[in-house]
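Scroll down for the structure; my scribbles are underneath it.
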Amino acid sequence: MGLSLLRGRTRAGLPRIVVGACVALAAGAVLGLLTHPQDLAHTPGYLYAAGLLLAIGLYGSTHDIDFAEVRRSLKVVLVAVTVGVVVKASFIATVMVLAFDRPEYLVLGIAVAQIDPLSVAATQRSDRVSPRAKAILSVWAAFDDPMTVLLTVYFSALALRYGAGPAGDGSVVADTVTVFGDLLLNLVLFAAVAALWWAATVWSGRGGPARRPGTRPPADVVALVLVVALILFAAQDMMVLAVALTGLVVRLGRFGAGLEPAVALAFLIASAVLGVVLASGQVLLREGLVLGASAFAAQLLVTLLISRLLVRPRLTWPDLVHLGFGQQNGITAILLALALEPRFPGTVGVVGPAILTVNLLHHTFQWARVDRWRRDPSTAPEPQHAATPMSQELKPEPG
């Protein structure tokens, strides 16, 4: 039972995983108010726990990427997770710095720029939009999650280097001198894990020395052991690139069914810890509201750019609304805030209200059914059985 109850939606139309996260957040806040933990972000084991939860969520987001959909929407995905992420982060950071004149808020623009794939998966049942719009948003959310994590971890090192934040004790943020070394170590670790998994796959395909007919191949078991070991090891030094790449290549096979509950559990734990940290620190409500509204507006801006420049035929109005108001923040934004808190004190106090603002805006617009604002019959969503293949919609217009 347990986590299976978090699947689907409530009678009010809200995803159960989002409701569960809100309950966990409230429970964590109550716990924090009752216990008054002092300086939780600097306690032993805090960073490792944050890194462990982040690695679980990151592996889950890349493990579920459908390469068939990626091939059909390759141009959209590449632009969305490169130019799109940079435009969104730059827009959010510019608004925050101009509004509050604090250089460390540059990092916050990246931390909330991603779309939470777990929340997106729970809100893709609308019959008012076409299958292609749902596919674009799903692949977009899956890919920009690891991209945002990488940018946050390594860009924060540059922010510290140039004085955008106070010096503190050891943290997830690496010094700029070691950034390239960390990248190399990530690639080496990924190569080692991928090689071991490939060897196990080849060995099991050939039957192995002791395999009997009818027995299951050991490749899935090897994959599970490798992934668990990688996550436990990578969490120590935030080797996020190795985890993201491993999720793309090393699949869990028959053990993959347990990944969704693991990610959901990590989401609930992270939400509870966020509540504890918020209760024990200062909540910067005004900054959080501006950050959340900026992130929501940035998604609409990037959607308009992508839909006008890349998607052919152009998106219908309901599809455009679905993508433009598709910004949702979840486990990744929460964990990045928790991980950045030791070096950027007050991060949780800003990002926490921002996450609530983004999700409140998203569900408000979904509930209001803003696609009714424009009732042109020519903009009606295309039926699912006649969906335009993405390979055709990405073709440039003549002339």
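Naming works like this for the structure tokens: A, B, ... for the chains as they're shown, residue 1 at the start of each chain, ligands 1 onward in shown order.
Within 9 Å of His36 of chain A, once only C-alpha atoms are used and residues closer than 4 positions along the same chain are dropped, the contacting residues are Leu31, Gly32, Val276, Ala279 and Ser280 of chain A.
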Put those residues in a file: N, CA, C and O atoms, as a PDB file, in the first residue's frame.
ATOM      1  N   LEU A  31       7.709  19.631  13.350  1.00  0.00           N
ATOM      2  CA  LEU A  31       8.829  19.015  14.070  1.00  0.00           C
ATOM      3  C   LEU A  31       9.909  20.042  14.369  1.00  0.00           C
ATOM      4  O   LEU A  31      10.482  20.072  15.468  1.00  0.00           O
ATOM      5  N   GLY A  32      10.200  20.902  13.377  1.00  0.00           N
ATOM      6  CA  GLY A  32      11.217  21.920  13.592  1.00  0.00           C
ATOM      7  C   GLY A  32      10.823  22.916  14.662  1.00  0.00           C
ATOM      8  O   GLY A  32      11.658  23.346  15.469  1.00  0.00           O
ATOM      9  N   VAL A 276      11.691  21.213   8.238  1.00  0.00           N
ATOM     10  CA  VAL A 276      12.482  21.373   9.462  1.00  0.00           C
ATOM     11  C   VAL A 276      13.434  22.560   9.339  1.00  0.00           C
ATOM     12  O   VAL A 276      13.546  23.392  10.254  1.00  0.00           O
ATOM     13  N   ALA A 279      11.574  25.856   9.434  1.00  0.00           N
ATOM     14  CA  ALA A 279      11.101  26.196  10.773  1.00  0.00           C
ATOM     15  C   ALA A 279      12.229  26.676  11.676  1.00  0.00           C
ATOM     16  O   ALA A 279      12.004  27.488  12.583  1.00  0.00           O
ATOM     17  N   SER A 280      13.435  26.184  11.427  1.00  0.00           N
ATOM     18  CA  SER A 280      14.570  26.546  12.278  1.00  0.00           C
ATOM     19  C   SER A 280      15.336  27.752  11.761  1.00  0.00           C
ATOM     20  O   SER A 280      16.299  28.199  12.388  1.00  0.00           O
TER      21      SER A 280
END
From A:Phe365, A:Trp198, A:Tyr59, A:Phe296, residue lying nearest Asp145 of chain A [only C-alpha atoms]: A:Tyr59
With only C-alpha atoms as the basis for distance, which of A:Leu232, A:Thr316, A:Leu289, A:Ser307 is at the shortest distance from Leu360 of chain A?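 Checking each candidate against Leu360 of chain A, we get A:Leu289 as the closest.
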Can you list, as number ranges by chain, every protein, DNA or RNA residue that comes within 12 Å of Ala354 of chain A when you count only C-alpha atoms, leaving out same-chain residues fewer than 3 positions away? A: 92, 96, 108-109, 111-113, 283-296, 327-330, 333-334, 337, 347-351, 357-361
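When the distance limit is 9 Å and only C-alpha atoms are what count, the residues near Leu183 of chain A, minus those fewer than 5 positions from it on the same chain, are Thr178, Val188, Met239, Leu241 and Ala242 of chain A.
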May I ask which of the residues A:Val225, A:Leu184, A:Leu320, A:Val149 is the closest one to Gly51 of chain A, counting only C-alpha atoms?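 Ranking A:Val225, A:Leu184, A:Leu320, A:Val149 by distance to Gly51 of chain A, first place goes to A:Val149.
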Set the distance at 8 Å and use only C-alpha atoms: which residues neighbour Ala93 of chain A once local chain neighbours fewer than 3 positions away are removed? I'd like the list as a ChimeraX atom specification. /A:89-90,96-97,105-110
By how many Å are atom CA of Gly256 of chain A and atom CA of Val221 of chain A apart?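 Atom CA of Val221 of chain A lies 11.0 Å from atom CA of Gly256 of chain A.
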